[in-house]
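What follows is a single structure, written as structure tokens, with notes after it.
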Amino acid sequence: EPYPDEGPFQNAEIWAFRGEIDSAFRWLERACEIRDNGITELLTSQFLVPLHGDPRWRVFLKKVGAPLPPT
């Protein structure tokens, strides 16, 4: 990835929307590492809905201190 600090949260949204779940989580991790302010949209982004069923979703929410959805 030639530009790892350019919009990692938005890249995560694109990959999630395309169904590329592993890539989406890699970009979310990068967004967290560089404190991308897109993370503030984590719970409201419709593009990330494909990630919600993945067990890594809740782990990531905990990592960034976001509220967990009911189980």
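Identifiers in this document derive from the order of the structure tokens: chains are assigned A, B, ..., residues are numbered from 1 separately in each chain, and ligands are numbered from 1 in order of occurrence.
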DSSP says alpha helix (DSSP H) for which residues of chain A? Put them as a count of residues only? 33
Could you pull the residues within 12 Å of segment 32-38 of chain A, counting only C-alpha atoms, minus those fewer than 4 positions along the same chain, as a ChimeraX atom specification? /A:4-13,25-28,42-45,60-65
Coordinates-based distance that separates atom CA of Gln46 of chain A from atom CA of Pro67 of chain A (Å, one decimal): 16.7 Å
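Restricting the calculation to only C-alpha atoms, the smallest distance between Thr40 of chain A and any of A:Ala66, A:Arg58, A:Ala24, A:Trp15 is found for A:Ala66.
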